[in-house]
file work.tsv (TSV, C-alpha atoms)
chain	number	residue	atom	x	y	z
A	133	MET	CA	45.13	130.57	61.06
A	134	LYS	CA	48.51	129.06	61.85
A	135	LYS	CA	49.58	128.20	65.35
A	136	ALA	CA	53.11	129.46	66.05
A	137	PHE	CA	55.25	130.48	68.96
A	138	THR	CA	55.67	134.14	69.63
A	139	LEU	CA	59.08	135.72	70.08
A	140	ILE	CA	58.42	136.26	73.80
A	141	GLU	CA	57.58	132.58	74.31
A	142	LEU	CA	60.79	131.52	72.56
A	143	ILE	CA	62.88	133.94	74.63
A	144	LEU	CA	61.31	132.63	77.85
A	145	VAL	CA	61.98	128.99	76.93
A	146	VAL	CA	65.61	129.71	75.96
A	147	GLY	CA	66.09	131.66	79.21
A	148	LEU	CA	64.67	128.83	81.33
A	149	VAL	CA	66.84	126.23	79.59
A	150	THR	CA	69.91	128.42	80.14
A	151	VAL	CA	69.20	128.84	83.86
A	152	MET	CA	68.57	125.13	84.34
A	153	THR	CA	71.72	124.17	82.45
A	154	SER	CA	73.94	126.55	84.43
A	155	ALA	CA	72.51	125.30	87.73
A	156	SER	CA	73.11	121.65	86.84
A	157	LEU	CA	76.60	122.41	85.48
A	158	THR	CA	77.58	124.08	88.76
A	159	GLY	CA	76.42	121.02	90.68
A	160	PHE	CA	78.36	118.73	88.36
A	161	VAL	CA	81.57	120.77	88.72
A	162	ASN	CA	81.23	120.80	92.51
A	163	TYR	CA	80.63	117.05	92.54
A	164	ASN	CA	83.83	116.49	90.52
A	165	ARG	CA	85.84	118.75	92.83
A	166	ARG	CA	84.51	116.95	95.90
A	167	GLN	CA	85.51	113.61	94.36
A	168	VAL	CA	89.06	114.89	93.75
A	169	VAL	CA	89.29	115.94	97.42
A	170	VAL	CA	88.04	112.53	98.59
A	171	ALA	CA	90.51	110.72	96.31
A	172	SER	CA	93.39	112.94	97.45
A	173	THR	CA	92.51	112.36	101.10
A	174	GLU	CA	92.42	108.59	100.54
A	175	ALA	CA	95.80	108.73	98.75
A	176	LEU	CA	97.34	110.58	101.71
A	177	LYS	CA	95.83	108.10	104.19
A	178	GLN	CA	97.10	105.20	102.08
A	179	ALA	CA	100.62	106.65	102.11
A	180	HIS	CA	100.53	106.58	105.92
A	181	ARG	CA	99.16	103.04	106.02
A	182	LEU	CA	101.83	101.87	103.55
A	183	ALA	CA	104.67	103.43	105.54
A	184	ARG	CA	103.45	101.82	108.77
A	185	ALA	CA	102.98	98.42	107.11
A	186	ASN	CA	106.45	98.60	105.51
A	187	VAL	CA	108.21	99.39	108.79
A	188	ILE	CA	106.36	96.62	110.65
A	189	ALA	CA	107.24	94.17	107.87
A	190	GLY	CA	110.87	95.31	108.01
A	191	LYS	CA	111.00	96.28	104.32
A	192	VAL	CA	114.50	97.43	103.47
A	193	ASP	CA	116.69	97.89	100.42
A	194	CYS	CA	119.88	95.99	101.25
A	195	ALA	CA	121.86	97.72	98.50
A	196	VAL	CA	121.21	101.09	100.11
A	197	CYS	CA	121.16	100.26	103.82
A	198	GLU	CA	123.47	97.33	104.31
A	199	SER	CA	126.64	95.67	103.12
A	200	GLY	CA	124.93	92.84	101.24
A	201	VAL	CA	122.46	90.00	101.53
A	202	GLY	CA	123.15	87.14	103.93
A	203	ASP	CA	122.41	83.44	103.52
A	204	ASP	CA	118.91	83.79	104.94
A	205	ASN	CA	118.01	86.71	102.61
A	206	THR	CA	118.33	89.27	105.38
A	207	CYS	CA	120.52	92.32	105.06
A	208	ASN	CA	123.97	92.13	106.59
A	209	GLY	CA	125.28	95.16	108.36
A	210	VAL	CA	128.81	95.74	109.57
A	211	GLY	CA	130.43	92.45	110.58
A	212	GLY	CA	127.51	90.44	109.14
A	213	VAL	CA	125.09	91.66	111.81
A	214	GLU	CA	121.65	92.62	110.50
A	215	SER	CA	120.76	96.25	111.13
A	216	PRO	CA	117.09	97.19	110.78
A	217	VAL	CA	115.47	100.12	109.04
A	218	THR	CA	115.67	103.26	111.14
A	219	TYR	CA	112.14	104.36	110.14
A	220	TRP	CA	109.68	104.92	107.30
A	221	ARG	CA	108.28	108.40	106.80
A	222	VAL	CA	105.51	110.27	105.03
A	223	GLY	CA	106.16	113.89	104.21
A	224	THR	CA	104.23	116.56	102.36
A	225	ALA	CA	105.68	119.48	100.46
A	226	VAL	CA	104.64	122.15	97.99
A	227	VAL	CA	106.79	122.01	94.86
A	228	GLY	CA	106.05	124.52	92.13
A	229	GLY	CA	102.73	125.41	93.75
A	230	VAL	CA	101.56	121.77	93.79
A	231	TRP	CA	101.24	119.52	96.86
A	232	GLN	CA	103.25	116.32	96.81
A	233	VAL	CA	103.27	113.39	99.23
A	234	ILE	CA	106.59	111.60	99.60
A	235	THR	CA	106.82	108.15	101.22
A	236	ASN	CA	110.21	106.52	101.80
A	237	GLY	CA	112.28	104.32	104.05
A	238	VAL	CA	115.28	105.66	105.92
A	239	CYS	CA	118.22	103.81	107.42
A	240	SER	CA	120.94	105.94	108.95
A	241	THR	CA	121.06	108.80	106.45
A	242	SER	CA	120.16	106.79	103.33
A	243	VAL	CA	116.73	106.98	101.69
A	244	PHE	CA	115.24	104.08	99.75
A	245	MET	CA	112.00	103.05	97.98
A	246	GLN	CA	110.86	106.65	97.60
A	247	LYS	CA	107.39	107.14	96.14
A	248	THR	CA	106.07	110.58	95.21
A	249	GLN	CA	102.42	111.38	94.55
A	250	ILE	CA	101.54	114.69	92.90
A	251	PHE	CA	98.12	116.15	93.65
A	252	ASN	CA	95.81	118.37	91.60
A	253	PRO	CA	97.08	122.00	91.70
A	254	SER	CA	93.82	123.13	93.34
A	255	ILE	CA	94.24	120.75	96.29
A	256	GLN	CA	95.32	122.32	99.57
A	257	ILE	CA	96.59	120.43	102.60
A	258	ILE	CA	96.58	121.88	106.11
A	259	GLN	CA	98.63	119.76	108.51
A	260	SER	CA	99.84	119.92	112.07
A	261	CYS	CA	103.00	117.83	111.34
A	262	ALA	CA	105.33	118.23	108.35
A	263	ASN	CA	106.63	114.64	108.44
A	264	VAL	CA	105.41	111.55	110.22
A	265	GLN	CA	107.97	108.87	111.00
A	266	TYR	CA	106.96	105.27	111.65
A	267	LEU	CA	109.29	103.35	113.93
A	268	SER	CA	110.04	99.62	113.80
A	269	ASN	CA	107.27	98.79	116.32
A	270	GLY	CA	104.68	100.54	114.12
A	271	THR	CA	104.25	103.59	116.33
A	272	SER	CA	104.68	107.10	114.96
A	273	ASN	CA	106.46	110.23	116.12
A	274	ALA	CA	103.11	112.06	116.14
A	275	PRO	CA	102.44	114.23	119.17
A	276	VAL	CA	100.04	112.91	121.81
A	277	ALA	CA	97.19	114.82	120.15
A	278	GLY	CA	98.07	113.22	116.79
A	279	CYS	CA	98.95	114.72	113.43
A	280	ASN	CA	95.89	116.29	111.89
A	281	TYR	CA	95.36	116.74	108.16
A	282	THR	CA	92.66	118.63	106.27
A	283	VAL	CA	92.51	118.27	102.50
A	284	SER	CA	90.37	120.69	100.47
A	285	TRP	CA	89.75	122.20	97.04
A	286	LEU	CA	90.91	125.79	97.53
A	287	GLY	CA	89.26	125.75	100.95
A	288	SER	CA	86.04	124.02	99.84
A	289	PHE	CA	84.85	120.46	100.53
A	290	PRO	CA	87.27	119.81	103.44
A	291	GLN	CA	88.07	116.21	104.41
A	292	SER	CA	89.95	115.63	107.68
A	293	PHE	CA	91.77	112.76	109.35
A	294	SER	CA	94.52	112.24	111.89
A	295	VAL	CA	97.45	109.94	112.52
A	296	THR	CA	97.68	108.81	116.13
A	297	ARG	CA	100.83	108.28	118.14
A	298	SER	CA	100.21	104.53	117.87
A	299	GLY	CA	100.52	104.95	114.08
A	300	LEU	CA	96.88	104.38	113.19
A	301	VAL	CA	95.01	106.50	110.65
A	302	ASP	CA	91.59	107.73	111.83

call {"tool": "encode", "arguments": {"input": "work.tsv", "output": "structure tokens"}}
result
Amino acid sequence: MKKAFTLIELILVVGLVTVMTSASLTGFVNYNRRQVVVASTEALKQAHRLARANVIAGKVDCAVCESGVGDDNTCNGVGGVESPVTYWRVGTAVVGGVWQVITNGVCSTSVFMQKTQIFNPSIQIIQSCANVQYLSNGTSNAPVAGCNYTVSWLGSFPQSFSVTRSGLVD
């Protein structure tokens, strides 16, 4: 007599494999989504750190902000007097249904060194401040309570941080 699997045994094994595969696939998809949220949160934090570091370092584009470069490689303003950057800012906006983070320097009404980061379309950002400006001493225009950000994947896997009035990212 031959030993063979019955149809019921085969159906049970295929069913168990299907259930196990779908459970592990769901976990894998959630892991990937969580990683996108973490990476997006870090990118937004890094934009704030970069803006603060640039304003403290006095980074400026002389061609945009000033009337030329002086002998000591500083920007010359009107009458040869150096005029500093007004501020650096980080702003967020939804363009075409996708969140973008814009970092740039501002002097008077001119914008320079603009950098735009486009996030995954499923990323959502909840924020208490639309734009954060970093002043020449490194402080921000954040309210006393700070600017709070929460980044998530359509409401799931939230990651939060804040920017303090002193310009630090928590």

call {"tool": "residues_around", "arguments": {"input": "work.tsv", "residues": "segment 167-183 of chain A", "least_positions_apart": "6", "cutoff": "8 Å", "atoms": "only C-alpha atoms", "output": "list in words"}}
result
Trp220, Arg221, Val222, Val233, Thr235, Asn236, Gly237, Phe251, Asn252, Ile255, Tyr266, Val283, Ser284, Trp285, Phe289, Pro290, Gln291, Ser292, Leu300 and Val301 of chain A

call {"tool": "closest_residue", "arguments": {"input": "work.tsv", "among": "A:Ser294, A:Ser240, A:Lys247, A:Ser254", "to": "Val226 of chain A", "atoms": "all atoms listed in the file"}}
result
A:Ser254

call {"tool": "atom_distance", "arguments": {"input": "work.tsv", "atom1": "atom CA of Ala274 of chain A", "atom2": "atom CA of Arg297 of chain A"}}
result
4.8 Å

call {"tool": "atom_distance", "arguments": {"input": "work.tsv", "atom1": "atom CA of Val238 of chain A", "atom2": "atom CA of Ala225 of chain A"}}
result
17.7 Å

call {"tool": "atom_distance", "arguments": {"input": "work.tsv", "atom1": "atom CA of Gln259 of chain A", "atom2": "atom CA of Cys239 of chain A"}}
result
25.3 Å

call {"tool": "axis_aligned_box", "arguments": {"input": "work.tsv", "around": "segment 271-286 of chain A", "padding_each_side": "5 Å", "output": "AutoDock Vina command-line options"}}
result
--center_x 98.1 --center_y 114.7 --center_z 109.4 --size_x 26.7 --size_y 32.2 --size_z 34.8

call {"tool": "residues_around", "arguments": {"input": "work.tsv", "residues": "Asn269 of chain A", "least_positions_apart": "4", "cutoff": "10 Å", "atoms": "only C-alpha atoms", "output": "list in words"}}
result
Arg184, Val187, Ile188, Ala189, Gly190, Tyr219, Ser298 and Gly299 of chain A
